[in-house]
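K.L.:
The structure is given below, and queries will be raised subsequently.
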Amino acid sequence: MSRTNPAEVISDGVADVHVSAPESIGHGFRPYERYHLELGRRDDGPLSQQRDILRGGRVVGVLPIDVARRQIVLLRQFRLAAHFATGRGDMIEIVAGRVDPGESDTEAALRECREEIGVAPQGLVPLYGLLPTPGLTDEFVTSYAGFIDASRVAAHGGLAEETEHIETLVVSIDDALAALEGGRLANALAVTALQWLALNRARLDDIFALAQASR
């Protein structure tokens, strides 16, 4: 390893790679494509690979927070893949959804909150971006904290035309973090959002003030 700077070593980087045009394998909810690539290596010759990718695109996630009540909003929704993987398909999640064509991430975050919990945040703060499963899909998620009045949250959410059924859960921050610590949820967006909350709960008033000032 020739890199010695930790900031360079422990960081995603740009690869030396040549990628072929896509071959369509199938198209359902999202395109499924095959690629052939030549990956350059610093310490050896090029490596040939074949990779299949589900083109997931841009997604937003929102952790709705009521700072005054020290509560957050979580969702319960059935996921078939989780049912196959763990037998626990009735998952605890945060607000999330795909960014529509021509829509900004912030616009998508506001829309998804309206659709899934019945209320738009009074302020949004971008937190981090993540790739939930980069070995399978190019789906990239931008996560936000969304500041809300929890008393206005609807009991159920989701769009009928998308055959969604979502139960909303208004819970205390303490109870949510206890569920995280107890390993009672496995949704990656929810787990990372609650980990962020655990690290930053003491700063929530300051973060909320920042969100209000930037409106």
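Order determines the names: the first chain of the structure tokens is A, the second B, and so forth; residues in each chain are numbered 1 upward, and ligands are numbered 1 upward as they are shown.
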If you run DSSP over the backbone, which residues in region 64-202 of chain A end up helix (DSSP H, G or I)? Put them as a PyMOL selection string.
P.N.:
chain A and resi 80-86+105-117+150-152+160-162+173-181+188-202
K.L.:
Against region 149-153 of chain A, which residues of region 11-77 of chain A fall within 9 Å? For each one I want the closest pair of atoms and the distance in Å (one decimal), counting only C-alpha atoms, rows by chain and increasing residue number, as JSON lines.
P.N.:
```
{"residue": "A:Pro64", "atom": "CA", "partner": "A:Ala150", "partner_atom": "CA", "distance": 8.4}
{"residue": "A:Ile65", "atom": "CA", "partner": "A:Ala150", "partner_atom": "CA", "distance": 7.7}
{"residue": "A:Asp66", "atom": "CA", "partner": "A:Asp149", "partner_atom": "CA", "distance": 5.6}
{"residue": "A:Val67", "atom": "CA", "partner": "A:Asp149", "partner_atom": "CA", "distance": 8.5}
{"residue": "A:Ala68", "atom": "CA", "partner": "A:Asp149", "partner_atom": "CA", "distance": 8.4}
{"residue": "A:Arg69", "atom": "CA", "partner": "A:Ala150", "partner_atom": "CA", "distance": 8.0}
{"residue": "A:Gln71", "atom": "CA", "partner": "A:Ala150", "partner_atom": "CA", "distance": 7.3}
{"residue": "A:Ile72", "atom": "CA", "partner": "A:Ala150", "partner_atom": "CA", "distance": 7.5}
{"residue": "A:Val73", "atom": "CA", "partner": "A:Ala150", "partner_atom": "CA", "distance": 7.4}
```
K.L.:
Create the file for the chosen residues now, containing N, CA and C atoms and written as a PDB file, in the first residue's frame.
P.N.:
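Okay, selection02.pdb is ready:
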```
ATOM      1  N   PRO A  64     -38.056  11.981  11.138  1.00  0.00           N
ATOM      2  CA  PRO A  64     -38.863  13.080  11.676  1.00  0.00           C
ATOM      3  C   PRO A  64     -38.675  13.192  13.187  1.00  0.00           C
ATOM      4  N   ILE A  65     -38.347  14.404  13.659  1.00  0.00           N
ATOM      5  CA  ILE A  65     -38.031  14.650  15.062  1.00  0.00           C
ATOM      6  C   ILE A  65     -38.904  15.781  15.593  1.00  0.00           C
ATOM      7  N   ASP A  66     -39.521  15.545  16.745  1.00  0.00           N
ATOM      8  CA  ASP A  66     -40.208  16.604  17.493  1.00  0.00           C
ATOM      9  C   ASP A  66     -39.284  16.978  18.641  1.00  0.00           C
ATOM     10  N   VAL A  67     -38.587  18.092  18.502  1.00  0.00           N
ATOM     11  CA  VAL A  67     -37.581  18.482  19.487  1.00  0.00           C
ATOM     12  C   VAL A  67     -38.229  18.808  20.831  1.00  0.00           C
ATOM     13  N   ALA A  68     -39.359  19.506  20.810  1.00  0.00           N
ATOM     14  CA  ALA A  68     -40.001  19.916  22.059  1.00  0.00           C
ATOM     15  C   ALA A  68     -40.426  18.712  22.890  1.00  0.00           C
ATOM     16  N   ARG A  69     -40.975  17.703  22.260  1.00  0.00           N
ATOM     17  CA  ARG A  69     -41.470  16.520  22.967  1.00  0.00           C
ATOM     18  C   ARG A  69     -40.408  15.431  23.116  1.00  0.00           C
ATOM     19  N   GLN A  71     -39.482  13.378  20.822  1.00  0.00           N
ATOM     20  CA  GLN A  71     -40.060  12.214  20.170  1.00  0.00           C
ATOM     21  C   GLN A  71     -39.601  12.152  18.716  1.00  0.00           C
ATOM     22  N   ILE A  72     -39.672  10.976  18.129  1.00  0.00           N
ATOM     23  CA  ILE A  72     -39.441  10.804  16.702  1.00  0.00           C
ATOM     24  C   ILE A  72     -40.586   9.976  16.125  1.00  0.00           C
ATOM     25  N   VAL A  73     -40.653   9.950  14.803  1.00  0.00           N
ATOM     26  CA  VAL A  73     -41.668   9.156  14.117  1.00  0.00           C
ATOM     27  C   VAL A  73     -40.985   8.046  13.334  1.00  0.00           C
TER      28      VAL A  73
END
```
K.L.:
Just the residues within 10 Å of Glu181 (chain A), please, counting only C-alpha atoms, with nothing from its chain fewer than 5 positions along; format it as a PyMOL selection string.
P.N.:
chain A and resi 175-176+191+194-195
K.L.:
Give me the residues within 12 Å of Arg114 (chain A) as number ranges by chain, counting only C-alpha atoms and dropping any in the same chain fewer than 2 places off.
P.N.:
A: 62, 64, 95-97, 107-112, 116-122, 146, 148, 152-154, 156-159
K.L.:
Would you give me, as CSV, each residue of region 35-65 of chain A having an atom within 10 Å of an atom of region 21-29 of chain A, along with its shortest atom pair and that distance in Å to one decimal, using only C-alpha atoms and sorting by chain and residue number?
P.N.:
```
residue,atom,partner,partner_atom,distance
A:Tyr35,CA,A:Pro22,CA,5.3
A:His36,CA,A:Ala21,CA,8.0
A:Leu37,CA,A:Ala21,CA,9.6
A:Asp52,CA,A:Ile25,CA,8.4
A:Ile53,CA,A:Ile25,CA,9.4
A:Leu54,CA,A:His27,CA,9.2
A:Arg55,CA,A:Phe29,CA,9.7
A:Gly56,CA,A:Phe29,CA,9.2
```
K.L.:
Take the residues from that selection and write them out as a PDB file, in the first residue's frame, keeping N, CA, C and O atoms.
P.N.:
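Result file result04.pdb:
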```pdb
ATOM      1  N   TYR A  35     -22.667  -5.568 -16.816  1.00  0.00           N
ATOM      2  CA  TYR A  35     -21.526  -4.787 -17.298  1.00  0.00           C
ATOM      3  C   TYR A  35     -20.268  -5.663 -17.295  1.00  0.00           C
ATOM      4  O   TYR A  35     -20.104  -6.537 -16.444  1.00  0.00           O
ATOM      5  N   HIS A  36     -19.386  -5.381 -18.249  1.00  0.00           N
ATOM      6  CA  HIS A  36     -18.044  -5.969 -18.274  1.00  0.00           C
ATOM      7  C   HIS A  36     -17.051  -4.837 -18.015  1.00  0.00           C
ATOM      8  O   HIS A  36     -17.191  -3.737 -18.563  1.00  0.00           O
ATOM      9  N   LEU A  37     -16.050  -5.091 -17.185  1.00  0.00           N
ATOM     10  CA  LEU A  37     -15.127  -4.024 -16.830  1.00  0.00           C
ATOM     11  C   LEU A  37     -13.705  -4.524 -16.683  1.00  0.00           C
ATOM     12  O   LEU A  37     -13.461  -5.706 -16.434  1.00  0.00           O
ATOM     13  N   ASP A  52     -23.477  -7.596 -12.387  1.00  0.00           N
ATOM     14  CA  ASP A  52     -24.886  -7.313 -12.638  1.00  0.00           C
ATOM     15  C   ASP A  52     -25.384  -6.333 -11.589  1.00  0.00           C
ATOM     16  O   ASP A  52     -25.111  -6.500 -10.393  1.00  0.00           O
ATOM     17  N   ILE A  53     -26.115  -5.308 -12.021  1.00  0.00           N
ATOM     18  CA  ILE A  53     -26.521  -4.227 -11.126  1.00  0.00           C
ATOM     19  C   ILE A  53     -27.990  -3.883 -11.333  1.00  0.00           C
ATOM     20  O   ILE A  53     -28.463  -3.748 -12.469  1.00  0.00           O
ATOM     21  N   LEU A  54     -28.712  -3.741 -10.226  1.00  0.00           N
ATOM     22  CA  LEU A  54     -30.052  -3.174 -10.243  1.00  0.00           C
ATOM     23  C   LEU A  54     -29.918  -1.658 -10.149  1.00  0.00           C
ATOM     24  O   LEU A  54     -29.316  -1.146  -9.194  1.00  0.00           O
ATOM     25  N   ARG A  55     -30.439  -0.947 -11.155  1.00  0.00           N
ATOM     26  CA  ARG A  55     -30.284   0.509 -11.184  1.00  0.00           C
ATOM     27  C   ARG A  55     -31.349   1.154 -10.302  1.00  0.00           C
ATOM     28  O   ARG A  55     -32.487   1.380 -10.709  1.00  0.00           O
ATOM     29  N   GLY A  56     -30.964   1.443  -9.066  1.00  0.00           N
ATOM     30  CA  GLY A  56     -31.923   1.966  -8.091  1.00  0.00           C
ATOM     31  C   GLY A  56     -32.091   3.465  -8.119  1.00  0.00           C
ATOM     32  O   GLY A  56     -33.154   3.987  -7.817  1.00  0.00           O
TER      33      GLY A  56
END
```
K.L.:
Have a look at CA of Asp105 (chain A) and CA of Leu63 (chain A) and let me know their distance in Å, one decimal.
P.N.:
14.4 Å
